[in-house]
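Novice: Take a look at run.cif, mmCIF, C-alpha atoms:
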```cif
data_run
loop_
_atom_site.label_atom_id
_atom_site.label_comp_id
_atom_site.auth_asym_id
_atom_site.auth_seq_id
_atom_site.Cartn_x
_atom_site.Cartn_y
_atom_site.Cartn_z
CA MET A 22 -41.37 -21.50 -14.10
CA SER A 23 -39.00 -21.38 -11.14
CA THR A 24 -39.57 -18.98 -8.28
CA PRO A 25 -38.04 -15.65 -9.31
CA LEU A 26 -35.03 -14.12 -7.63
CA ARG A 27 -35.46 -10.88 -5.73
CA ALA A 28 -33.19 -8.99 -8.11
CA ILE A 29 -30.40 -9.34 -10.63
CA VAL A 30 -27.78 -6.61 -10.66
CA VAL A 31 -25.90 -6.40 -13.96
CA GLY A 32 -22.45 -4.82 -13.66
CA GLY A 33 -19.55 -4.99 -11.22
CA GLY A 34 -18.39 -1.37 -11.18
CA PRO A 35 -19.08 1.31 -8.55
CA GLY A 36 -22.75 1.54 -9.57
CA GLY A 37 -23.37 -2.19 -9.20
CA ILE A 38 -21.51 -2.31 -5.89
CA THR A 39 -23.60 0.59 -4.57
CA VAL A 40 -26.85 -1.05 -5.66
CA LEU A 41 -25.95 -4.35 -3.95
CA GLY A 42 -25.11 -2.55 -0.73
CA ASN A 43 -28.43 -0.72 -0.77
CA LEU A 44 -30.45 -3.81 -1.67
CA LEU A 45 -29.02 -5.53 1.39
CA GLU A 46 -29.66 -2.39 3.44
CA HIS A 47 -33.29 -1.85 2.45
CA LEU A 48 -34.75 -5.28 1.78
CA PRO A 49 -35.00 -6.34 5.45
CA THR A 50 -36.72 -3.07 6.44
CA THR A 51 -39.16 -2.68 3.56
CA VAL A 52 -42.43 -4.22 4.70
CA ALA A 53 -43.87 -4.96 1.27
CA ALA A 54 -40.58 -6.37 0.01
CA ALA A 55 -40.18 -8.58 3.07
CA ALA A 56 -43.68 -9.97 2.66
CA ALA A 57 -43.12 -10.58 -1.03
CA ALA A 58 -39.83 -12.29 -0.33
CA THR A 59 -41.53 -14.65 2.08
CA ALA A 60 -44.48 -15.47 -0.16
CA HIS A 61 -43.22 -15.26 -3.70
CA GLU A 62 -39.50 -14.72 -4.09
CA ASN A 63 -36.22 -16.48 -3.50
CA LYS A 64 -33.88 -15.22 -0.84
CA LYS A 65 -31.00 -14.71 -3.26
CA LEU A 66 -29.85 -11.65 -5.13
CA MET A 67 -27.87 -12.44 -8.26
CA TRP A 68 -24.89 -10.33 -9.32
CA VAL A 69 -23.64 -10.72 -12.88
CA ASP A 70 -20.32 -9.45 -14.22
CA PRO A 71 -17.69 -11.06 -16.47
CA GLN A 72 -14.77 -10.13 -14.21
CA PHE A 73 -15.78 -8.72 -10.80
CA ARG A 74 -12.78 -6.40 -10.87
CA GLY A 75 -14.41 -3.06 -10.08
CA GLY A 76 -15.24 -2.13 -13.67
CA ARG A 77 -13.24 0.35 -15.73
CA ILE A 78 -11.97 2.20 -12.68
CA ASP A 79 -9.58 -0.67 -11.91
CA ALA A 80 -8.93 -1.77 -15.48
CA ARG A 81 -8.31 1.67 -17.00
CA TYR A 82 -8.20 4.52 -14.52
CA ARG A 83 -5.94 3.60 -11.62
CA GLU A 84 -3.44 6.33 -12.57
CA VAL A 85 -6.08 9.05 -12.98
CA PRO A 86 -6.34 11.69 -10.22
CA SER A 87 -9.83 11.84 -8.75
CA ASN A 88 -12.00 14.92 -8.64
CA THR A 89 -13.63 13.52 -5.49
CA LYS A 90 -12.22 14.31 -2.07
CA VAL A 91 -10.83 11.35 -0.15
CA GLU A 92 -13.25 11.88 2.74
CA LEU A 93 -16.17 11.02 0.43
CA PHE A 94 -14.63 7.69 -0.55
CA ASP A 95 -14.31 6.87 3.15
CA LYS A 96 -17.88 8.01 3.78
CA PHE A 97 -19.07 5.81 0.91
CA ALA A 98 -17.34 2.78 2.48
CA HIS A 99 -19.27 3.24 5.74
CA GLU A 100 -22.70 4.34 4.50
CA VAL A 101 -24.51 0.98 4.47
CA SER A 102 -24.27 -1.89 6.93
CA ALA A 103 -23.06 -4.45 4.37
CA PHE A 104 -20.07 -2.24 3.58
CA ARG A 105 -19.36 -1.57 7.24
CA ASP A 106 -19.35 -5.30 7.94
CA ILE A 107 -16.83 -5.87 5.14
CA VAL A 108 -14.60 -3.08 6.46
CA GLN A 109 -14.82 -4.43 10.01
CA ARG A 110 -13.79 -7.94 8.92
CA ALA A 111 -10.95 -6.77 6.68
CA PRO A 112 -7.28 -7.16 7.64
CA LYS A 113 -5.83 -4.36 9.74
CA LEU A 114 -4.27 -2.76 6.66
CA ASN A 115 -6.80 -2.51 3.86
CA ALA A 116 -8.18 -0.22 1.16
CA VAL A 117 -10.11 1.88 3.68
CA THR A 118 -7.19 2.41 6.04
CA ALA A 119 -5.09 3.39 3.01
CA LEU A 120 -7.67 6.07 2.18
CA GLN A 121 -7.80 7.20 5.79
CA GLY A 122 -4.04 7.75 5.70
CA LEU A 123 -4.35 10.34 2.91
CA PRO A 124 -5.23 14.05 3.21
CA GLN A 125 -9.02 13.95 3.50
CA ASP A 126 -9.80 17.28 1.83
CA ARG A 127 -8.01 16.49 -1.44
CA GLY A 128 -8.39 14.06 -4.30
CA CYS A 129 -6.25 10.97 -4.76
CA SER A 130 -5.23 8.49 -7.40
CA LEU A 131 -8.24 6.46 -8.50
CA GLY A 132 -6.14 3.40 -7.72
CA TYR A 133 -7.17 3.91 -4.08
CA ALA A 134 -10.84 3.98 -5.09
CA ALA A 135 -10.31 0.93 -7.29
CA ASP A 136 -8.82 -0.97 -4.35
CA LEU A 137 -11.91 -0.03 -2.32
CA CYS A 138 -14.11 -1.46 -5.08
CA LEU A 139 -12.10 -4.69 -5.12
CA MET A 140 -12.33 -5.02 -1.35
CA LEU A 141 -16.10 -4.44 -1.30
CA THR A 142 -16.55 -6.77 -4.26
CA GLU A 143 -14.84 -9.66 -2.52
CA GLY A 144 -16.93 -9.10 0.59
CA LEU A 145 -20.20 -8.91 -1.34
CA ARG A 146 -19.40 -12.05 -3.32
CA ARG A 147 -19.14 -13.95 -0.04
CA HIS A 148 -22.42 -12.59 1.32
CA PRO A 149 -24.93 -15.42 1.91
CA ASP A 150 -27.76 -13.53 0.17
CA ILE A 151 -25.77 -12.83 -3.02
CA GLU A 152 -25.13 -15.31 -5.80
CA PRO A 153 -22.28 -13.99 -7.99
CA ARG A 154 -22.21 -15.16 -11.60
CA GLN A 155 -19.06 -14.50 -13.63
CA SER A 156 -21.01 -14.18 -16.85
CA ARG A 157 -22.83 -11.75 -19.15
CA VAL A 158 -26.52 -11.01 -19.54
CA THR A 159 -27.22 -11.42 -23.25
CA ALA A 160 -30.97 -10.79 -23.33
CA SER A 161 -33.91 -10.25 -21.00
CA THR A 162 -37.61 -10.68 -21.72
CA LEU A 163 -40.42 -9.17 -19.65
CA ASP A 164 -43.65 -11.18 -19.52
CA LYS A 165 -46.37 -8.61 -18.87
CA ARG A 166 -48.77 -11.33 -17.75
CA THR A 167 -46.63 -11.93 -14.66
CA ASN A 168 -44.29 -8.90 -14.57
CA VAL A 169 -41.38 -11.34 -14.35
CA TRP A 170 -38.17 -11.09 -16.37
CA ASN A 171 -36.58 -14.10 -18.04
CA VAL A 172 -32.86 -13.32 -18.09
CA GLU A 173 -30.50 -15.15 -20.45
CA LEU A 174 -26.88 -15.60 -19.36
CA SER A 175 -23.93 -16.31 -21.63
CA ASP A 176 -22.82 -19.46 -19.82
CA SER A 177 -25.86 -21.03 -18.16
CA GLU A 178 -29.60 -21.58 -18.25
CA PRO A 179 -31.93 -18.54 -18.06
CA VAL A 180 -33.12 -17.32 -14.68
CA THR A 181 -36.30 -15.50 -13.67
CA VAL A 182 -36.33 -12.32 -11.64
CA SER A 183 -38.78 -9.66 -10.54
CA ARG A 184 -36.26 -6.80 -10.65
CA LEU A 185 -33.56 -6.29 -13.28
CA ILE A 186 -31.09 -3.54 -12.37
CA LEU A 187 -28.73 -2.34 -15.09
CA CYS A 188 -25.38 -0.90 -13.96
CA THR A 189 -23.69 -1.53 -17.28
CA GLY A 190 -21.31 1.42 -17.38
CA SER A 191 -20.05 3.84 -20.01
CA SER A 192 -17.01 4.15 -22.26
CA PRO A 193 -15.29 7.08 -23.97
CA ILE A 194 -17.04 8.30 -27.11
CA SER A 195 -15.04 6.86 -29.99
CA ASN A 196 -17.01 7.98 -33.03
CA ARG A 197 -14.63 9.74 -35.37
CA LEU A 198 -15.11 13.49 -35.72
CA PRO A 199 -16.93 14.31 -38.99
CA MET A 200 -14.17 16.78 -39.86
CA LEU A 201 -11.50 14.12 -39.37
CA SER A 202 -13.40 11.75 -41.64
CA ARG A 203 -13.65 14.41 -44.34
CA LEU A 204 -9.96 15.26 -44.17
CA ARG A 205 -9.04 11.59 -44.35
CA GLY A 206 -11.33 11.15 -47.32
CA GLU A 207 -9.55 14.01 -49.05
CA ASN A 208 -6.12 12.60 -48.11
CA LEU A 209 -5.32 15.80 -46.24
CA ALA A 210 -4.83 14.35 -42.75
CA ASN A 211 -4.52 10.88 -41.28
CA PRO A 212 -3.41 11.13 -37.64
CA LYS A 213 -3.24 7.90 -35.66
CA GLU A 214 -6.06 7.70 -33.12
CA ILE A 215 -5.17 7.24 -29.44
CA ASP A 216 -8.14 6.11 -27.37
CA LEU A 217 -8.92 8.21 -24.33
CA ASP A 218 -8.27 5.40 -21.87
CA THR A 219 -4.68 5.12 -23.15
CA ALA A 220 -4.17 8.87 -22.97
CA LEU A 221 -5.35 8.93 -19.34
CA ALA A 222 -2.76 6.33 -18.24
CA PRO A 223 0.74 7.91 -18.29
CA SER A 224 2.56 4.57 -18.14
CA VAL A 225 0.65 3.31 -21.19
CA LEU A 226 0.72 6.61 -23.06
CA ALA A 227 4.51 6.74 -22.85
CA GLN A 228 4.71 3.54 -24.90
CA THR A 229 2.70 5.10 -27.74
CA PHE A 230 5.52 7.32 -29.02
CA SER A 231 9.19 6.80 -29.71
CA PRO A 232 11.26 9.31 -27.73
CA ALA A 233 13.56 9.65 -30.75
CA GLU A 234 10.81 10.64 -33.20
CA GLU A 235 8.94 13.90 -33.61
CA SER A 236 5.26 13.51 -32.74
CA THR A 237 2.46 16.05 -32.63
CA VAL A 238 -0.73 15.07 -30.83
CA ALA A 239 -4.08 16.75 -31.46
CA VAL A 240 -6.17 16.88 -28.28
CA VAL A 241 -9.83 17.70 -28.89
CA GLY A 242 -11.95 19.01 -26.01
CA ALA A 243 -11.85 21.12 -22.85
CA SER A 244 -13.39 18.66 -20.40
CA HIS A 245 -11.85 17.29 -17.22
CA SER A 246 -10.53 14.35 -19.24
CA ALA A 247 -9.01 16.64 -21.87
CA ILE A 248 -7.07 18.56 -19.22
CA LEU A 249 -5.75 15.32 -17.73
CA VAL A 250 -4.58 14.24 -21.20
CA LEU A 251 -2.79 17.58 -21.66
CA MET A 252 -1.14 17.14 -18.25
CA ASN A 253 0.14 13.71 -19.23
CA LEU A 254 1.44 14.82 -22.62
CA VAL A 255 3.19 17.90 -21.24
CA GLU A 256 4.87 15.77 -18.56
CA LEU A 257 6.12 13.35 -21.23
CA ALA A 258 7.41 16.22 -23.38
CA ARG A 259 9.31 17.72 -20.45
CA THR A 260 10.85 14.41 -19.38
CA SER A 261 11.20 11.30 -21.52
CA HIS A 262 9.84 12.55 -24.89
CA PRO A 263 11.40 15.95 -25.66
CA ARG A 264 10.32 15.84 -29.33
CA LEU A 265 6.64 15.55 -28.45
CA ARG A 266 4.33 18.50 -29.18
CA VAL A 267 0.59 19.11 -28.73
CA LYS A 268 -2.12 21.00 -30.58
CA TRP A 269 -5.09 21.62 -28.33
CA PHE A 270 -8.34 22.08 -30.26
CA THR A 271 -11.02 23.71 -28.10
CA ARG A 272 -14.28 25.59 -28.62
CA ASN A 273 -14.73 26.67 -25.02
CA LYS A 274 -12.96 28.51 -22.28
CA LEU A 275 -12.16 26.45 -19.22
CA ARG A 276 -14.93 26.07 -16.65
CA TYR A 277 -14.21 25.37 -13.01
CA ALA A 278 -16.31 24.00 -10.17
CA GLU A 279 -17.00 26.81 -7.69
CA TYR A 280 -17.63 26.07 -4.02
CA LYS A 281 -20.58 28.09 -2.74
CA ASP A 282 -22.37 28.17 0.61
CA GLY A 283 -23.48 24.56 0.95
CA TRP A 284 -23.39 23.66 -2.74
CA ILE A 285 -21.04 23.54 -5.75
CA LEU A 286 -21.60 25.42 -9.00
CA ARG A 287 -20.69 23.18 -11.97
CA ASP A 288 -20.26 20.29 -9.54
CA ASN A 289 -20.38 17.67 -12.30
CA THR A 290 -19.08 19.60 -15.29
CA GLY A 291 -16.42 21.97 -13.96
CA LEU A 292 -12.75 21.25 -13.40
CA LYS A 293 -11.80 20.11 -9.90
CA GLY A 294 -8.81 18.91 -7.97
CA GLN A 295 -5.45 18.37 -9.63
CA ALA A 296 -6.80 19.05 -13.12
CA ALA A 297 -8.22 22.41 -12.01
CA ASP A 298 -5.02 23.43 -10.21
CA TRP A 299 -2.86 22.53 -13.21
CA ALA A 300 -5.16 24.28 -15.67
CA ARG A 301 -5.21 27.50 -13.63
CA ARG A 302 -1.42 27.55 -13.47
CA ASN A 303 -0.70 26.61 -17.06
CA LEU A 304 -3.64 27.00 -19.43
CA ASP A 305 -5.97 29.69 -18.15
CA CYS A 306 -4.26 32.69 -19.68
CA ASP A 307 -4.40 34.88 -22.75
CA ASP A 308 -2.94 33.56 -26.00
CA PRO A 309 -0.17 32.83 -26.53
CA PHE A 310 0.99 31.10 -23.38
CA PRO A 311 3.61 33.13 -21.47
CA ARG A 312 7.16 32.05 -22.24
CA SER A 313 7.61 31.30 -18.54
CA SER A 314 4.84 28.70 -18.64
CA PRO A 315 6.00 25.06 -18.78
CA VAL A 316 3.46 24.41 -21.54
CA ALA A 317 4.61 27.24 -23.82
CA ASP A 318 7.10 25.12 -25.78
CA VAL A 319 4.79 22.10 -25.91
CA VAL A 320 1.15 23.15 -26.38
CA ASP A 321 -0.31 25.22 -29.19
CA LYS A 322 -3.91 26.24 -28.46
CA VAL A 323 -6.19 26.16 -31.53
CA TRP A 324 -9.50 27.96 -31.04
CA THR A 325 -12.23 26.33 -33.12
CA ALA A 326 -15.12 28.68 -32.28
CA PRO A 327 -17.30 30.23 -33.56
CA PRO A 328 -18.60 27.43 -35.82
CA PRO A 329 -17.71 29.03 -39.18
CA VAL A 330 -14.07 29.07 -38.06
CA GLU A 331 -13.97 25.43 -36.99
CA GLU A 332 -13.52 23.74 -40.36
CA ALA A 333 -10.84 26.17 -41.47
CA ARG A 334 -8.88 25.67 -38.24
CA TYR A 335 -8.99 21.90 -38.53
CA ARG A 336 -7.98 22.05 -42.19
CA ASP A 337 -5.02 24.26 -41.32
CA GLU A 338 -3.78 22.49 -38.21
CA LEU A 339 -4.82 18.83 -38.23
CA PRO A 340 -2.61 17.82 -41.21
CA ARG A 341 0.40 18.71 -39.03
CA CYS A 342 -0.59 16.16 -36.36
CA THR A 343 0.67 12.59 -36.21
CA HIS A 344 -1.81 11.47 -33.53
CA ILE A 345 -5.20 12.51 -32.17
CA VAL A 346 -7.05 12.08 -28.86
CA GLN A 347 -10.76 12.84 -28.66
CA ALA A 348 -11.77 13.81 -25.11
CA VAL A 349 -15.38 14.63 -25.85
CA GLY A 350 -17.31 12.65 -23.28
CA TYR A 351 -18.65 9.19 -22.52
CA ALA A 352 -21.53 7.11 -23.87
CA ARG A 353 -23.46 4.20 -22.37
CA ASN A 354 -22.18 0.74 -23.08
CA PRO A 355 -24.55 -1.41 -25.14
CA LEU A 356 -27.38 -2.90 -23.11
CA PRO A 357 -28.51 -6.52 -23.24
CA GLN A 358 -31.29 -7.12 -25.75
CA LEU A 359 -34.59 -6.24 -24.06
CA ASN A 360 -37.82 -7.91 -25.18
CA VAL A 361 -41.44 -7.97 -24.04
CA ILE A 362 -44.31 -10.47 -24.17
CA ASP A 363 -47.59 -8.54 -24.10
CA ASP A 364 -50.66 -9.18 -21.97
CA GLY A 365 -52.05 -11.48 -24.64
CA GLY A 366 -49.05 -13.80 -24.52
CA ASN A 367 -48.01 -13.09 -28.10
CA ALA A 368 -44.47 -13.71 -29.34
CA ALA A 369 -41.79 -11.55 -27.73
CA LYS A 370 -40.97 -8.26 -29.43
CA PRO A 371 -38.06 -5.85 -28.91
CA LEU A 372 -38.59 -3.49 -25.99
CA GLU A 373 -37.40 0.09 -26.51
CA VAL A 374 -36.99 2.14 -23.35
CA SER A 375 -36.07 5.62 -22.11
CA TYR A 376 -34.47 6.29 -18.74
CA ASP A 377 -36.03 8.49 -16.07
CA HIS A 378 -33.12 10.25 -14.37
CA ALA A 379 -35.32 11.25 -11.42
CA THR A 380 -36.43 7.78 -10.33
CA GLY A 381 -33.91 5.31 -11.77
CA ARG A 382 -36.70 3.61 -13.72
CA PHE A 383 -37.46 3.21 -17.42
CA PHE A 384 -40.38 4.23 -19.62
CA GLU A 385 -41.47 2.07 -22.52
CA ASP A 386 -41.08 3.99 -25.77
CA GLY A 387 -44.12 4.23 -27.97
CA PRO A 388 -46.65 6.69 -29.37
CA PRO A 389 -46.43 10.13 -27.73
CA VAL A 390 -48.58 10.44 -24.61
CA SER A 391 -48.81 12.96 -21.81
CA LYS A 392 -46.26 12.76 -19.03
CA GLU A 393 -48.98 11.67 -16.60
CA LYS A 394 -49.93 8.69 -18.77
CA ARG A 395 -46.43 7.36 -19.38
CA ALA A 396 -46.01 3.97 -17.73
CA TYR A 397 -42.85 2.62 -16.18
CA VAL A 398 -41.54 -0.73 -17.36
CA PRO A 399 -42.22 -3.14 -14.47
CA GLY A 400 -39.14 -4.28 -12.59
CA LEU A 401 -36.53 -2.48 -14.73
CA PHE A 402 -34.08 -0.05 -13.12
CA GLY A 403 -30.73 1.58 -13.84
CA ALA A 404 -27.89 3.23 -11.90
CA GLY A 405 -24.23 4.17 -12.09
CA ILE A 406 -22.41 6.23 -14.70
CA ALA A 407 -24.66 5.01 -17.52
CA PHE A 408 -27.81 5.96 -15.61
CA PRO A 409 -27.05 8.86 -13.25
CA GLU A 410 -29.39 11.15 -11.38
CA ARG A 411 -30.45 14.42 -13.01
CA VAL A 412 -29.80 17.31 -10.61
CA ILE A 413 -30.60 21.04 -10.72
CA ASP A 414 -28.46 23.50 -8.78
CA PRO A 415 -29.75 26.70 -7.09
CA HIS A 416 -29.00 28.66 -10.28
CA GLY A 417 -31.16 26.32 -12.36
CA ASN A 418 -28.28 24.55 -14.11
CA VAL A 419 -29.04 20.93 -15.05
CA GLU A 420 -26.31 18.30 -14.63
CA TYR A 421 -25.98 14.54 -14.22
CA ALA A 422 -24.47 13.41 -10.94
CA VAL A 423 -21.54 11.02 -11.43
CA GLY A 424 -19.28 9.80 -8.64
CA PHE A 425 -19.18 7.24 -5.83
CA TRP A 426 -20.91 9.38 -3.23
CA LYS A 427 -23.42 10.75 -5.74
CA PHE A 428 -24.36 7.21 -6.75
CA MET A 429 -24.83 6.38 -3.07
CA LYS A 430 -27.11 9.35 -2.40
CA PHE A 431 -29.27 8.67 -5.45
CA ILE A 432 -29.62 4.93 -4.94
CA SER A 433 -30.31 5.32 -1.22
CA ARG A 434 -33.15 7.70 -2.09
CA VAL A 435 -34.83 5.61 -4.79
CA MET A 436 -34.22 2.09 -3.48
CA PRO A 437 -37.30 1.97 -1.21
CA GLU A 438 -39.49 2.85 -4.21
CA TRP A 439 -37.78 0.19 -6.33
CA LEU A 440 -38.56 -2.44 -3.71
CA GLU A 441 -42.17 -1.36 -3.24
CA GLU A 442 -42.82 -1.42 -6.99
CA ARG A 443 -44.89 -4.46 -7.89
CA ASN A 444 -46.98 -3.29 -10.87
#
```
Show me this structure written as structure tokens.
Specialist:
Amino acid sequence: MSTPLRAIVVGGGPGGITVLGNLLEHLPTTVAAAAAATAHENKKLMWVDPQFRGGRIDARYREVPSNTKVELFDKFAHEVSAFRDIVQRAPKLNAVTALQGLPQDRGCSLGYAADLCLMLTEGLRRHPDIEPRQSRVTASTLDKRTNVWNVELSDSEPVTVSRLILCTGSSPISNRLPMLSRLRGENLANPKEIDLDTALAPSVLAQTFSPAEESTVAVVGASHSAILVLMNLVELARTSHPRLRVKWFTRNKLRYAEYKDGWILRDNTGLKGQAADWARRNLDCDDPFPRSSPVADVVDKVWTAPPPVEEARYRDELPRCTHIVQAVGYARNPLPQLNVIDDGGNAAKPLEVSYDHATGRFFEDGPPVSKEKRAYVPGLFGAGIAFPERVIDPHGNVEYAVGFWKFMKFISRVMPEWLEERN
């Protein structure tokens, strides 16, 4: 077997970029890792992604307003030395200077953040300690006799590695609502589905409808994404698509992030930025919307709570809709097939794992055991939107921390432990 790499990072989005920056930051200063690198491991880190284009943030979300303040994107770009070196070597006008030219205490179009990802990606791909592979990881097998992973790539021979770091991202939940399936089965409603990514991009969304035809869009949810979709649809209705109408199906009242003394209530779940401002002005009022509101002639709010009311409301209102957008959250993208060879060297078997949101590591699923006896899977880690940190605010609320700067804080904290781990 060839000498294993130090680490393979799977995924080219913000999570993968953050992990690479922190690997380069911590490896030289971690005594155990440095000794292991000298005695047992290759110098190279491998970075695997099919495109190296910043993940979904560049491909899908450039037009989306951020709920992160600009100053945190700039802080992210200067937090680790590898990033600072890339910024220092960049042309005079670059993604960071573009961010620095914006109001620092507000959000911005995610196109600015995407450009930052692209700039850092190009710099990292040229780093002498990183071997970029424009490929996919199809399967990975842990040999418990050596605690080394054998990683299969879609376009080349397998490679061996002591640390496999999954930054594989998430996508909008696309499973059809059970109620929608029932109504379709009964031939009562058959609205055309618009995926959330389309609804979040105004330039793409505008091509979905004919301005000359009447269209009614059902929007399901009250999340940050749902409010952005409503913003986009209302803007279309008031400009290029005057025959467009919206039915907004929601169970919950709007929840906003609240800035406290040194912390933020509902930091990861509440509305922020442009979405929060627009919702306060236009949606956060008693039913019906005031006639003076710009949404009054466009949006019809349909309360679907409490649960006994939900089915009746959908049966009454959904048949009147020509399209539907489900803004009900995100789910992890499929992982590569994980397998394990046991201590006896028997044939590889599927490896089922559960993520530990406190450490960025994975437990091996199996018979129930006490928390103290659960063992981490050697050399397997996760980060980014698919594997965020679990945080608890001063009021005891549990959330999952998603965002560039939140990824940076989490990975900076756990990276030394990842590099010390040799069991």
Novice: Counting only C-alpha atoms, what is within 12 Å of Thr39 in chain A, bar same-chain residues fewer than 3 positions away, as a PyMOL selection string?
Specialist: chain A and resi 30-36+42-46+68+75+97-104+137-138+141-142+145+186+188+403-406+424-433+436
Novice: Looking at all atoms listed in the file, which of A:Pro357, A:Pro389, A:Gly366, A:Pro437 is the one that sits closest to Leu187 in chain A?
Specialist: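 Smallest separation from Leu187 in chain A among the options: A:Pro357.
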Novice: Hey, which of A:Pro179, A:Pro232, A:Gly190, A:Pro212 ends up closest to Ile345 in chain A? Count all atoms listed in the file.
Specialist: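 Closest candidate: A:Pro212.
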Novice: Tell me which protein, DNA and RNA residues are within 10 Å of Val374 in chain A, counting only C-alpha atoms, leaving out same-chain ones fewer than 2 positions away, and put them as a ChimeraX atom specification.
Specialist: /A:359,371-372,376-377,382-387,397-398,401
Novice: Can you turn the PyMOL selection byres ((chain A and resi 418) around 12) into a concrete residue list for this file, as a list in words?
Specialist: Ile285, Leu286, Arg287, Asp288, Asn289, Thr290, Arg411, Val412, Ile413, Asp414, Pro415, His416, Gly417, Val419, Glu420 and Tyr421 of chain A
Novice: Report, in Å to a single decimal, how far apart CA of Trp299 in chain A and CA of Met252 in chain A are.
Specialist: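 Atom-to-atom, CA of Met252 in chain A to CA of Trp299 in chain A, that is 7.6 Å.
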Novice: Taking all atoms of range 394-398 of chain A that the file lists, what box with edges along x, y and z, padded by 4 Å per side, do you get, with centre and edge lengths in Å to one decimal, as JSON?
Specialist:
```
{"center_x": -45.7, "center_y": 4.0, "center_z": -17.8, "size_x": 16.4, "size_y": 17.4, "size_z": 11.2}
```
Novice: Using Å and a single decimal, report how far CA of Thr162 in chain A sits from CA of Asn360 in chain A.
Specialist: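 Taking CA of Asn360 in chain A as the start and CA of Thr162 in chain A as the end point, the length is 4.4 Å.
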Novice: Just so the selection is clear, what residues does the PyMOL selection byres ((chain A and resi 154) around 8) cover here, as a list in words?
Specialist: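 Applied to this file, the PyMOL selection byres ((chain A and resi 154) around 8) returns Met67, Trp68, Val69, Asp70, Pro71, Glu152, Pro153, Gln155 and Ser156 of chain A.
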Novice: Just the number, please: distance in Å from CA of Lys268 in chain A to CA of Gly132 in chain A, one decimal.
Specialist: 29.1 Å
Novice: Name the residues captured by the PyMOL selection byres ((chain A and resi 255-265) around 9) when it is applied to the shown file; answer as a count of residues only.
Specialist: 23
Novice: Report the closest atom pair, with its distance in Å rounded to one decimal, for each residue of range 231-280 of chain A that has an atom no farther than 12 Å from range 196-211 of chain A; count only C-alpha atoms, sort by chain and then rising residue number, and write it as a tab-separated table.
Specialist:
```
residue	atom	partner	partner_atom	distance
A:Val238	CA	A:Asn211	CA	11.9
A:Ala239	CA	A:Leu201	CA	11.2
A:Val241	CA	A:Leu198	CA	9.6
A:Gly242	CA	A:Leu198	CA	11.6
```
Novice: For each of A:Arg127, A:Arg74, A:Lys165, A:His344, take the minimum atom-to-atom distance to Ala369 in chain A, counting all atoms listed in the file, then give the residue where this is smallest.
Specialist: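 Looking only at the distances to Ala369 in chain A, the closest residue turns out to be A:Lys165.
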Novice: Using only C-alpha atoms, which residue out of A:Lys65, A:Lys90, A:Arg83, A:Lys96 lies closest to His148 in chain A?
Specialist: A:Lys65
Novice: Just checking: using all atoms listed in the file, which residue out of A:Arg27, A:Arg341, A:His245, A:His378 ends up closest to Arg184 in chain A?
Specialist: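 For Arg184 in chain A, the nearest of the given residues is A:Arg27.
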